[in-house]
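Asks: The following file, query.txt, comprises compact mmCIF, C-alpha atoms:
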# COMPACT_ATOMS: atom_id res chain seq x y z
CA MET A 1 54.36 -41.64 5.33
CA TYR A 2 55.68 -39.49 2.54
CA GLN A 3 55.75 -41.06 -0.92
CA GLU A 4 58.96 -39.43 -2.08
CA ASN A 5 60.82 -42.74 -2.03
CA HIS A 6 58.39 -44.38 -4.40
CA GLN A 7 59.60 -44.47 -7.97
CA GLY A 8 56.85 -43.69 -10.44
CA PRO A 9 53.68 -41.62 -10.29
CA LYS A 10 52.70 -40.31 -6.86
CA ARG A 11 49.43 -39.04 -5.42
CA GLY A 12 48.57 -35.48 -4.54
CA VAL A 13 45.77 -32.93 -4.55
CA SER A 14 45.29 -29.49 -5.99
CA VAL A 15 43.56 -27.18 -3.54
CA TYR A 16 41.68 -25.92 -6.60
CA SER A 17 39.43 -28.94 -6.02
CA TYR A 18 38.10 -27.34 -2.84
CA SER A 19 37.39 -23.96 -4.41
CA GLY A 20 33.61 -24.30 -3.96
CA GLU A 21 34.08 -24.46 -0.19
CA TYR A 22 37.28 -22.51 0.32
CA GLY A 23 36.86 -19.38 2.39
CA TRP A 24 33.38 -20.09 3.75
CA SER A 25 33.37 -23.68 5.01
CA MET A 26 37.02 -24.75 4.64
CA ASN A 27 40.33 -23.04 5.17
CA LEU A 28 43.80 -24.09 4.03
CA GLU A 29 44.39 -26.27 7.07
CA ASP A 30 41.10 -28.12 6.48
CA CYS A 31 42.24 -28.95 2.94
CA LEU A 32 45.59 -30.30 4.12
CA ALA A 33 44.01 -32.29 6.93
CA ASP A 34 41.67 -33.86 4.37
CA MET A 35 44.65 -34.81 2.19
CA TYR A 36 46.36 -36.42 5.14
CA ASP A 37 43.43 -38.83 5.51
CA MET A 38 43.90 -39.87 1.88
CA GLY A 39 47.64 -40.34 2.11
CA ALA A 40 47.98 -37.69 -0.58
CA HIS A 41 51.33 -36.10 0.10
CA GLY A 42 51.75 -33.79 -2.89
CA LEU A 43 50.13 -30.36 -2.89
CA GLU A 44 49.27 -27.73 -5.41
CA ILE A 45 48.08 -24.34 -4.29
CA LEU A 46 46.99 -21.44 -6.43
CA ALA A 47 49.17 -18.55 -5.39
CA ASN A 48 46.55 -15.88 -6.04
CA GLY A 49 43.85 -17.86 -4.30
CA HIS A 50 45.44 -19.52 -1.31
CA ILE A 51 48.22 -17.24 -0.07
CA ASP A 52 46.77 -14.57 2.18
CA ASN A 53 48.09 -11.12 1.30
CA TYR A 54 49.51 -12.47 -1.97
CA PRO A 55 52.00 -11.52 -3.33
CA ASN A 56 53.39 -10.42 0.05
CA PRO A 57 52.50 -13.03 2.67
CA THR A 58 53.21 -12.06 6.25
CA GLU A 59 55.87 -13.77 8.37
CA GLU A 60 53.06 -15.19 10.44
CA TRP A 61 51.45 -16.75 7.37
CA LEU A 62 54.78 -18.24 6.27
CA GLU A 63 55.38 -19.72 9.68
CA ASN A 64 51.95 -21.32 9.64
CA TRP A 65 52.55 -22.62 6.10
CA PHE A 66 55.60 -24.63 7.12
CA ARG A 67 53.87 -25.80 10.27
CA LEU A 68 50.96 -27.18 8.20
CA LEU A 69 53.27 -28.91 5.71
CA ASP A 70 55.07 -30.59 8.56
CA LYS A 71 51.97 -31.53 10.50
CA TYR A 72 50.19 -33.15 7.54
CA GLU A 73 53.32 -34.57 5.82
CA ILE A 74 52.80 -32.54 2.69
CA ILE A 75 55.32 -31.88 -0.08
CA PRO A 76 54.73 -28.53 -1.76
CA VAL A 77 54.78 -29.77 -5.35
CA GLU A 78 53.23 -27.27 -7.66
CA TYR A 79 52.70 -23.55 -7.35
CA GLY A 80 49.85 -22.47 -9.61
CA HIS A 81 50.22 -18.94 -10.89
CA TRP A 82 49.36 -16.70 -13.81
CA ILE A 83 50.99 -14.16 -16.01
CA ASP A 84 48.00 -11.95 -16.59
CA SER A 85 48.73 -10.55 -20.02
CA ARG A 86 45.59 -8.42 -19.87
CA LEU A 87 46.40 -7.07 -16.41
CA TYR A 88 45.54 -3.58 -17.62
CA SER A 89 42.08 -4.89 -18.42
CA HIS A 90 40.45 -1.55 -19.02
CA GLU A 91 43.20 -0.46 -21.38
CA TYR A 92 42.96 -3.81 -23.10
CA VAL A 93 39.28 -3.17 -23.79
CA LYS A 94 40.07 0.31 -25.13
CA ASN A 95 43.22 -0.32 -27.16
CA GLY A 96 44.29 -3.96 -26.88
CA ARG A 97 47.17 -3.27 -24.47
CA GLU A 98 48.88 -6.43 -23.23
CA LEU A 99 51.91 -6.81 -20.96
CA ASP A 100 55.28 -6.49 -22.63
CA VAL A 101 58.22 -8.76 -21.84
CA GLU A 102 59.51 -6.71 -18.91
CA GLU A 103 56.10 -6.30 -17.30
CA SER A 104 55.46 -10.02 -17.67
CA TYR A 105 58.84 -10.82 -16.20
CA GLU A 106 58.05 -8.60 -13.25
CA GLN A 107 55.03 -10.76 -12.45
CA LEU A 108 56.81 -14.00 -13.23
CA SER A 109 59.96 -13.26 -11.24
CA ARG A 110 57.92 -12.34 -8.20
CA ASP A 111 56.17 -15.70 -8.39
CA ILE A 112 59.38 -17.64 -8.97
CA ARG A 113 60.85 -16.16 -5.81
CA LEU A 114 57.71 -16.76 -3.79
CA ALA A 115 57.34 -20.35 -5.05
CA HIS A 116 60.92 -21.01 -4.00
CA LYS A 117 60.37 -19.41 -0.64
CA LEU A 118 57.40 -21.71 0.00
CA GLY A 119 59.38 -24.79 -0.99
CA PHE A 120 57.87 -25.52 -4.41
CA THR A 121 59.91 -26.99 -7.26
CA VAL A 122 57.33 -26.88 -10.05
CA MET A 123 55.22 -23.96 -11.20
CA ARG A 124 52.09 -24.22 -13.27
CA THR A 125 52.74 -21.14 -15.32
CA LYS A 126 49.54 -19.98 -16.93
CA MET A 127 50.16 -17.46 -19.65
CA GLY A 128 47.58 -15.28 -21.30
CA VAL A 129 45.97 -16.57 -24.48
CA ILE A 130 45.00 -14.78 -27.64
CA ASP A 131 42.42 -16.96 -29.40
CA PRO A 132 39.68 -19.55 -28.85
CA THR A 133 42.11 -22.46 -29.17
CA ASN A 134 44.20 -21.06 -26.27
CA THR A 135 47.28 -20.06 -28.28
CA PRO A 136 49.64 -18.34 -25.81
CA VAL A 137 50.64 -14.68 -26.09
CA LYS A 138 53.05 -13.91 -28.93
CA ASN A 139 55.93 -12.89 -26.65
CA TRP A 140 55.95 -16.08 -24.54
CA ARG A 141 59.41 -17.15 -25.75
CA GLU A 142 61.02 -13.88 -24.72
CA ILE A 143 59.24 -13.90 -21.36
CA ILE A 144 60.29 -17.45 -20.49
CA LYS A 145 63.82 -16.96 -21.79
CA ARG A 146 64.17 -13.88 -19.64
CA ALA A 147 63.14 -15.93 -16.56
CA LEU A 148 65.25 -19.06 -17.11
CA PRO A 149 68.31 -17.90 -15.10
CA LEU A 150 66.17 -16.99 -12.09
CA ALA A 151 64.21 -20.24 -12.35
CA GLU A 152 67.47 -22.15 -12.33
CA GLU A 153 68.78 -20.16 -9.39
CA CYS A 154 65.56 -20.89 -7.46
CA ASN A 155 65.30 -24.46 -8.75
CA VAL A 156 61.75 -24.21 -10.02
CA ARG A 157 60.43 -25.50 -13.31
CA MET A 158 57.93 -23.35 -15.17
CA CYS A 159 55.24 -25.48 -16.76
CA PRO A 160 52.43 -24.38 -18.99
CA GLU A 161 49.42 -26.61 -18.53
CA LEU A 162 48.38 -28.69 -21.51
CA HIS A 163 44.66 -28.66 -20.98
CA MET A 164 41.62 -29.59 -23.04
CA PRO A 165 41.02 -28.46 -25.81
CA THR A 166 44.80 -28.58 -26.28
CA ARG A 167 45.98 -31.73 -28.00
CA LEU A 168 49.34 -33.15 -27.00
CA LYS A 169 49.99 -33.54 -30.72
CA SER A 170 49.57 -29.95 -31.81
CA ARG A 171 51.51 -27.08 -33.23
CA TYR A 172 52.00 -25.18 -30.04
CA VAL A 173 53.12 -28.18 -28.03
CA ASP A 174 55.63 -28.62 -30.86
CA ASP A 175 56.61 -24.97 -30.42
CA TYR A 176 57.18 -25.50 -26.68
CA MET A 177 59.24 -28.63 -27.40
CA GLU A 178 61.32 -26.78 -29.94
CA PHE A 179 62.01 -24.09 -27.34
CA ILE A 180 63.01 -26.70 -24.73
CA LEU A 181 65.34 -28.47 -27.13
CA GLN A 182 66.88 -25.25 -28.49
CA THR A 183 67.58 -23.80 -25.06
CA GLY A 184 68.41 -27.18 -23.52
CA THR A 185 66.66 -25.96 -20.39
CA LYS A 186 65.46 -28.11 -17.52
CA TYR A 187 63.49 -25.24 -16.06
CA PHE A 188 60.68 -25.13 -18.56
CA GLY A 189 58.42 -28.11 -19.25
CA PHE A 190 54.84 -29.28 -19.04
CA ASN A 191 51.95 -29.90 -16.74
CA VAL A 192 49.65 -32.35 -18.51
CA ASP A 193 46.02 -32.16 -17.49
CA PHE A 194 44.32 -35.54 -17.86
CA GLY A 195 41.26 -33.81 -19.28
CA THR A 196 43.06 -33.96 -22.60
CA PHE A 197 42.46 -37.75 -22.49
CA GLN A 198 38.74 -37.46 -21.77
CA ASN A 199 36.92 -39.80 -24.15
CA VAL A 200 33.32 -39.61 -22.97
CA PHE A 201 31.46 -36.33 -23.25
CA GLU A 202 28.08 -35.13 -22.19
CA GLY A 203 25.83 -34.70 -25.22
CA SER A 204 27.50 -32.87 -28.06
CA PHE A 205 30.04 -31.05 -25.84
CA ARG A 206 32.93 -29.71 -27.97
CA LEU A 207 35.39 -26.88 -27.48
CA PRO A 208 37.07 -25.00 -30.34
CA GLY A 209 40.09 -26.98 -31.52
CA MET A 210 38.83 -30.36 -30.34
CA PRO A 211 38.52 -33.18 -32.87
CA GLU A 212 35.12 -32.77 -34.49
CA ASP A 213 34.36 -36.48 -34.73
CA GLY A 214 33.95 -36.75 -30.96
CA SER A 215 37.27 -38.45 -30.32
CA PRO A 216 39.45 -37.34 -27.38
CA CYS A 217 41.95 -34.50 -27.73
CA SER A 218 44.79 -36.90 -26.96
CA LEU A 219 45.44 -40.60 -26.47
CA PRO A 220 47.40 -41.76 -23.42
CA GLU A 221 50.40 -42.79 -25.55
CA ASP A 222 50.58 -39.27 -27.04
CA ILE A 223 52.29 -38.21 -23.81
CA ILE A 224 55.33 -40.46 -24.34
CA PRO A 225 57.41 -38.12 -26.58
CA ILE A 226 57.08 -35.18 -24.16
CA LEU A 227 57.17 -37.19 -20.92
CA PRO A 228 60.81 -36.39 -20.03
CA TYR A 229 59.69 -32.76 -19.82
CA VAL A 230 56.47 -33.37 -17.92
CA TYR A 231 57.21 -32.30 -14.35
CA CYS A 232 53.67 -32.51 -13.00
CA CYS A 233 50.22 -33.75 -13.93
CA HIS A 234 46.76 -32.57 -13.10
CA ALA A 235 44.76 -35.69 -12.41
CA LYS A 236 41.58 -34.11 -13.73
CA PHE A 237 38.33 -35.88 -12.95
CA ASN A 238 34.70 -35.13 -13.56
CA TYR A 239 32.93 -37.70 -11.43
CA MET A 240 33.93 -40.76 -9.43
CA ASP A 241 31.17 -43.34 -9.22
CA GLU A 242 30.48 -45.65 -6.28
CA ASN A 243 32.66 -48.33 -7.83
CA PHE A 244 35.57 -45.90 -7.61
CA GLU A 245 35.76 -45.49 -11.36
CA GLU A 246 36.09 -42.39 -13.53
CA THR A 247 34.10 -43.33 -16.60
CA THR A 248 35.03 -40.31 -18.75
CA ILE A 249 38.84 -40.44 -18.49
CA PRO A 250 40.83 -43.69 -19.05
CA TYR A 251 42.83 -43.70 -15.81
CA PRO A 252 44.18 -47.28 -15.89
CA GLU A 253 45.68 -46.72 -19.35
CA ILE A 254 47.06 -43.26 -18.48
CA ILE A 255 48.73 -44.45 -15.31
CA ARG A 256 50.11 -47.53 -17.06
CA VAL A 257 51.71 -45.33 -19.74
CA LEU A 258 53.17 -43.06 -17.04
CA LYS A 259 54.58 -46.01 -15.08
CA ASP A 260 55.95 -47.83 -18.12
CA ASN A 261 57.72 -44.74 -19.38
CA GLY A 262 59.44 -43.64 -16.21
CA TYR A 263 57.27 -40.78 -14.98
CA ASN A 264 58.37 -39.96 -11.47
CA GLY A 265 56.21 -36.98 -10.58
CA TYR A 266 52.91 -36.29 -8.91
CA MET A 267 49.35 -36.68 -10.11
CA LEU A 268 47.45 -33.87 -8.44
CA SER A 269 43.73 -34.49 -8.19
CA GLU A 270 41.72 -31.75 -9.77
CA TYR A 271 37.97 -32.12 -9.43
CA GLU A 272 36.12 -30.41 -12.25
CA GLY A 273 32.59 -31.71 -11.75
CA ALA A 274 29.38 -30.33 -10.29
CA HIS A 275 28.28 -29.72 -6.67
CA LYS A 276 31.61 -28.20 -5.64
CA ASP A 277 29.89 -25.91 -3.19
CA GLU A 278 27.97 -28.63 -1.34
CA PRO A 279 29.86 -29.19 1.90
CA GLY A 280 31.52 -32.59 1.89
CA PHE A 281 30.79 -33.44 -1.72
CA VAL A 282 34.29 -32.80 -3.06
CA THR A 283 35.92 -34.47 -0.07
CA ASP A 284 33.95 -37.60 -0.90
CA GLN A 285 34.88 -37.36 -4.58
CA LEU A 286 38.56 -36.89 -3.77
CA ARG A 287 38.53 -39.89 -1.45
CA ARG A 288 36.99 -42.02 -4.19
CA HIS A 289 39.59 -40.71 -6.63
CA HIS A 290 42.41 -41.65 -4.31
CA ILE A 291 40.99 -45.11 -3.72
CA MET A 292 41.10 -45.58 -7.48
CA MET A 293 44.66 -44.30 -7.84
CA LYS A 294 45.82 -46.20 -4.78
CA ARG A 295 44.44 -49.44 -6.22
CA ILE A 296 46.17 -48.88 -9.56
CA LEU A 297 49.47 -47.72 -8.07
CA GLY A 298 49.56 -50.19 -5.20
CA PHE A 299 50.31 -47.48 -2.60
CA MET B 300 35.13 -17.64 7.54
CA LEU B 301 32.87 -15.80 5.16
CA GLU B 302 29.23 -16.39 4.36
CA LYS B 303 28.47 -18.53 1.34
CA PRO B 304 26.51 -15.90 -0.64
CA ILE B 305 28.58 -13.35 -2.53
CA VAL B 306 26.79 -10.46 -0.84
CA GLN B 307 27.50 -10.75 2.88
CA GLN B 308 25.05 -9.92 5.63
CA ARG B 309 27.94 -9.34 8.03
CA GLY B 310 29.33 -5.90 7.41
CA PHE B 311 26.05 -4.42 6.14
CA ARG B 312 25.46 -1.24 8.08
CA ASN B 313 25.48 2.51 8.00
CA ILE B 314 28.79 4.31 8.25
CA VAL B 315 28.93 6.70 11.18
CA LYS B 316 31.46 9.48 11.56
CA ASP B 317 31.44 12.02 14.40
CA GLY B 318 27.95 10.89 15.33
CA GLU B 319 26.59 11.49 11.82
CA ILE B 320 25.52 8.82 9.35
CA ILE B 321 27.59 9.59 6.25
CA GLY B 322 26.77 6.55 4.14
CA PHE B 323 26.35 2.78 4.10
CA GLN B 324 28.47 -0.24 3.27
CA VAL B 325 28.14 -3.84 2.21
CA LYS B 326 30.81 -6.54 1.95
CA VAL B 327 31.24 -8.96 -0.94
CA ARG B 328 33.28 -12.05 -1.64
CA SER B 329 33.66 -13.84 -4.96
CA THR B 330 33.07 -17.42 -6.02
CA TYR B 331 36.06 -17.13 -8.35
CA TYR B 332 38.76 -19.65 -7.46
CA ARG B 333 41.61 -17.16 -7.39
CA GLY B 334 42.26 -13.59 -6.34
CA ILE B 335 42.44 -10.65 -8.73
CA TYR B 336 44.21 -7.35 -9.09
CA LEU B 337 42.01 -4.28 -8.86
CA SER B 338 42.83 -3.39 -12.47
CA GLU B 339 41.21 -6.68 -13.49
CA ILE B 340 37.87 -5.77 -11.95
CA PHE B 341 35.08 -4.17 -13.92
CA PRO B 342 32.92 -2.60 -11.22
CA GLY B 343 29.41 -1.38 -11.79
CA ALA B 344 26.64 0.42 -9.99
CA MET B 345 25.06 -0.57 -6.69
CA VAL B 346 21.29 -0.85 -6.59
CA VAL B 347 19.37 -0.66 -3.31
CA ASP B 348 15.59 -1.09 -3.36
CA GLY B 349 15.62 -0.06 -7.01
CA LYS B 350 17.64 3.09 -6.44
CA VAL B 351 20.76 3.11 -8.61
CA TYR B 352 24.02 4.43 -7.16
CA PRO B 353 26.27 4.81 -10.22
CA LYS B 354 29.73 3.25 -10.07
CA LYS B 355 31.44 6.61 -9.58
CA ASP B 356 29.65 6.80 -6.21
CA VAL B 357 30.71 3.31 -5.12
CA ILE B 358 34.00 3.24 -3.22
CA TRP B 359 35.82 -0.09 -2.89
CA GLU B 360 37.83 -0.83 0.21
CA VAL B 361 40.35 -3.62 -0.32
CA ASN B 362 43.07 -4.64 2.14
CA GLY B 363 42.02 -1.75 4.34
CA LYS B 364 42.37 0.99 1.74
CA GLU B 365 39.72 2.87 -0.24
CA TYR B 366 39.67 3.24 -4.03
CA THR B 367 37.34 4.96 -6.44
CA THR B 368 36.36 2.88 -9.44
CA ASP B 369 38.51 5.19 -11.58
CA GLN B 370 41.53 4.54 -9.36
CA MET B 371 40.96 0.80 -9.49
CA GLU B 372 41.44 0.74 -13.26
CA THR B 373 45.17 1.40 -12.90
CA GLU B 374 45.86 -0.40 -9.61
CA THR B 375 47.86 -3.31 -11.00
CA ASN B 376 49.63 -4.03 -7.71
CA VAL B 377 46.72 -4.17 -5.31
CA HIS B 378 45.51 -7.74 -5.07
CA TRP B 379 42.14 -8.77 -3.67
CA CYS B 380 42.30 -12.31 -2.31
CA CYS B 381 38.57 -12.71 -2.95
CA THR B 382 38.65 -16.46 -2.18
CA ASN B 383 38.72 -15.78 1.53
CA ASP B 384 38.60 -12.04 2.01
CA THR B 385 35.91 -9.49 1.37
CA ALA B 386 35.90 -6.14 -0.36
CA THR B 387 33.80 -3.47 1.32
CA LEU B 388 31.66 -1.40 -1.01
CA LYS B 389 30.76 1.98 0.39
CA VAL B 390 28.35 4.64 -0.76
CA TYR B 391 28.79 7.96 0.98
CA VAL B 392 25.25 9.26 0.99
CA PRO B 393 24.30 11.37 4.02
CA GLY B 394 21.74 9.60 6.20
CA GLY B 395 22.63 6.18 4.84
CA LEU B 396 19.87 3.60 4.67
CA SER B 397 16.82 3.18 6.88
CA GLN B 398 16.35 0.48 9.47
CA GLY B 399 14.83 -2.68 8.00
CA TYR B 400 15.17 -4.95 5.00
CA HIS B 401 16.84 -3.80 1.79
CA ASP B 402 17.22 -5.48 -1.58
CA VAL B 403 20.88 -4.94 -2.37
CA GLU B 404 22.48 -5.59 -5.75
CA VAL B 405 26.22 -5.25 -6.32
CA ARG B 406 27.81 -5.47 -9.75
CA PHE B 407 31.29 -6.50 -10.81
CA LYS B 408 32.97 -8.65 -13.42
CA PHE B 409 36.63 -9.48 -13.82
CA SER B 410 39.09 -10.22 -16.56
CA SER B 411 40.79 -13.63 -16.90
CA SER B 412 43.78 -13.46 -19.22
CA TYR B 413 44.02 -17.24 -19.53
CA LEU B 414 40.63 -17.36 -21.22
CA PRO B 415 40.20 -16.54 -24.88
CA PRO B 416 39.49 -12.80 -25.22
CA GLN B 417 36.52 -13.83 -27.34
CA LEU B 418 34.90 -15.10 -24.13
CA GLN B 419 35.67 -11.86 -22.33
CA THR B 420 33.50 -9.37 -24.12
CA HIS B 421 30.73 -7.23 -22.62
CA MET B 422 32.72 -6.66 -19.44
CA ASP B 423 30.68 -3.70 -18.18
CA PRO B 424 28.21 -5.11 -15.63
CA ASP B 425 25.98 -2.07 -16.11
CA GLU B 426 25.36 -3.06 -19.71
CA GLU B 427 21.94 -4.63 -20.13
CA LEU B 428 22.33 -8.07 -21.65
CA PRO B 429 19.76 -10.62 -22.74
CA GLU B 430 19.05 -13.28 -20.11
CA THR B 431 20.31 -16.04 -22.39
CA ASP B 432 23.69 -16.53 -24.02
CA ILE B 433 25.53 -14.06 -21.83
CA PRO B 434 29.16 -13.73 -22.92
CA GLY B 435 32.01 -13.73 -20.42
CA LEU B 436 32.36 -17.33 -19.35
CA MET B 437 33.61 -16.79 -15.80
CA ALA B 438 31.88 -13.57 -14.98
CA GLY B 439 28.22 -14.29 -15.73
CA ASN B 440 26.26 -11.07 -15.75
CA GLY B 441 28.22 -9.85 -12.74
CA ARG B 442 25.12 -8.93 -10.75
CA HIS B 443 24.66 -10.26 -7.25
CA LYS B 444 21.54 -9.69 -5.19
CA ARG B 445 20.60 -10.38 -1.63
CA ARG B 446 18.00 -9.15 0.81
CA LEU B 447 19.78 -7.75 3.84
CA LEU B 448 18.63 -6.44 7.19
CA LEU B 449 19.98 -3.19 8.55
CA VAL B 450 19.83 -2.44 12.26
Using the file provided, produce a representation of the structure as C-alpha cells.
Replies:
Amino acid sequence: MYQENHQGPKRGVSVYSYSGEYGWSMNLEDCLADMYDMGAHGLEILANGHIDNYPNPTEEWLENWFRLLDKYEIIPVEYGHWIDSRLYSHEYVKNGRELDVEESYEQLSRDIRLAHKLGFTVMRTKMGVIDPTNTPVKNWREIIKRALPLAEECNVRMCPELHMPTRLKSRYVDDYMEFILQTGTKYFGFNVDFGTFQNVFEGSFRLPGMPEDGSPCSLPEDIIPILPYVYCCHAKFNYMDENFEETTIPYPEIIRVLKDNGYNGYMLSEYEGAHKDEPGFVTDQLRRHHIMMKRILGF
Amino acid sequence: MLEKPIVQQRGFRNIVKDGEIIGFQVKVRSTYYRGIYLSEIFPGAMVVDGKVYPKKDVIWEVNGKEYTTDQMETETNVHWCCTNDTATLKVYVPGGLSQGYHDVEVRFKFSSSYLPPQLQTHMDPDEELPETDIPGLMAGNGRHKRRLLLV
C-alpha cells in the first residue's frame, strides 16, 4: 500500500541507482517492479536519462508512464534535472560562454512543465558550478527568481541538492536560505544527500572543501535549521553489509533527527557504490537498504 | 535492449545505397547515467584496424537525423538519450569495410556542467594523454574499442 498516509520520513528509490544496468539489462518497468517488491512507493527519475525522447516524450510514452505508476503503486516524487550552464560546451572551451538568465530559464521552464505533466511535485534542480567546491553559477538567483511564478503555477518545488563535499553549514547554503527567507517562497528549497553525513572514508579520501581533519561534512543535527525547506532527501549509500547496516553513513541518527523534527518527505535510495553494472547486484543492495530503513521506520 | 559494451555489435555493417557500398556504420551507447545534448559532446576520430578516420569524416545519426561534428557543436536542442538509445556513427567511404573482424575504436567525451570546470579540461578525445591521471572525471579518455565482425 502507498505510504502517503504515514507521517514522517517515507521510503523511495532513485532510478539513478540502476544506472549500471539501465538500457541493457533493465528498463523503466523493471526498476518500478523491483521497487514494488520493496514497498518503496516514492520515485525519482532523471529526466534526461529516463524519459524517452526527452524533452518531448510521445503520447504513447506518457500513457505507459501513468500505467506503470498505477500498476506498481508509485508516487512520482522527485524529477531530477539539470540546468546545463555550459550547454554551449565548445564555446565555453573557446571563450567561457555560459547560459544567461533567459537561456537558463528556457531549460528550466521546460522541465518545470514536464515535471508537472508527469505528476512530480519536487524537482532536484542541478545548476552548473564554477569551482572545485561546487559553488553554483553566479546568476542562480535571477534564474530561480524568474522561474518562481511558473513553479508555483505548476506546484513544483525546485531543490538544489546539498551533496558532499557541500557542508550544510556553509556560505552557499546560507545564501540559499537568505534567498528563501527574502522571497518567502515555498517553491525553492533543498534536497539533502545523506552523503554529506558520511563519517567513514576509504583511505585518505577527501574532496576539495571537505574538513581536512577527516571529520564528516555535516552532522545529522546540522539539518535541523534548514529542515522546513527540505522537500526531499537522497538516501545515499555506499554499501549495505549482510547485517543490513550501512557502516559509512549514520542512518539511525539521521532518521531519528528527521523523525523528531517533523520531516514528512521521502528518502530516495541512491546507491553510489561499486559493481553497479553486475546484474542483480544493485537490486540486492537496494533490498538490504530498505530492510534497514523499514526496521528503523517501522513500516 | 542494448548490448552492455559501449560499442555495439548490432548495427555494425556496410551502408548500401543503390546497390553500391558507400560507407560503413557502427552504433554506440554510453555508460553515462543521463542523456546529453549534441552540443555537449566532444566527438573525435574513428579508428578501424589502425586507420584513422578524422572526426570531420564521422557523421553522427541521432534520433534518426544525421549531423556532422561541426553541426553538433551548435545543436543545443537535439538530445541523445544515451542511457537506452544508440547513436549511429557513419563513415562514408566508398567500398566500406571488408568481410571479417575489425578492431573498431570510437571517440567521444561530453561536458557535465554540474562538475567543476577544473575537472572538465582536455575535452578533445583526439588529444594524446598520459595513461595515468587523465583529467575529465566522467569522460575518461573517451576512447572505446571493440573487435567486431562484419558480414
Asks: Could you check how far CA of Ile296 (chain A) sits from CA of Leu68 (chain A), in Å to one decimal?
Replies: 28.4 Å
Asks: Compare A:Thr58, A:Asn191, A:Ser269, A:Gln285 by their minimum atom-to-atom distance to Pro228 (chain A), counting all atoms listed in the file, and give me the closest one.
Replies: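 So, comparing all the options, the nearest one is A:Asn191.
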Asks: Which of these, B:Val327, B:Ile321, B:Leu448, B:Leu388, has the shortest distance to Val357 (chain B) once you count all atoms listed in the file?
Replies: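 Looking only at the distances to Val357 (chain B), the closest residue turns out to be B:Leu388.
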Asks: As a PyMOL selection string, please: the residues near Ser215 (chain A) (cut-off 9 Å, all atoms listed in the file, same-chain neighbours under 6 positions excluded).
Replies: chain A and resi 198-200
Asks: Applying 7 Å and all atoms listed in the file, which residues near Leu449 (chain B) remain after dropping the ones on its own chain fewer than 4 positions away? List them as a ChimeraX atom specification.
Replies: /B:311-312,398-400
Asks: Figure out the distance between CA of Leu447 (chain B) and CA of Glu365 (chain B), please, to one decimal in Å.
Replies: 23.0 Å
Asks: May I ask for the distance between CA of Glu142 (chain A) and CA of Asn95 (chain A), given in Å to one decimal place?
Replies: 22.5 Å
Asks: Could you give me the centre and size, in Å to one decimal, of an axis-aligned box around all listed atoms of region 244-259 of chain A with 4 Å added on every side, as AutoDock Vina command-line options?
Replies:
--center_x 44.3 --center_y -43.9 --center_z -13.7 --size_x 28.5 --size_y 15.2 --size_z 20.1
Asks: For the point (25.6, 7.3, 5.5) in file coordinates, what residues are within 6 Å, counting all atoms listed in the file? Give the answer as a list in words?
Replies: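 Final list of nearby residues, as requested, is Asn313, Ile314, Ile320, Ile321, Gly322, Phe323, Tyr391, Val392, Pro393, Gly394 and Gly395 of chain B.
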Asks: Within 7 Å of region 110-122 of chain A, counting only C-alpha atoms, which residues show up once you throw out same-chain ones fewer than 6 positions away? Write them as a PyMOL selection string, please.
Replies: chain A and resi 76-79+151+154-158+231
Asks: Report as a list in words all protein, DNA and RNA residues lying within 12 Å of Val351 (chain B), evaluated on all atoms listed in the file, omitting residues in the same chain fewer than 3 positions from it.
Replies: Gly343, Ala344, Met345, Val346, Val347, Asp348, Lys354, Lys355, Asp356, Val357, Val390, Asp402, Val403, Glu404, Val405, Arg406 and Asp425 of chain B
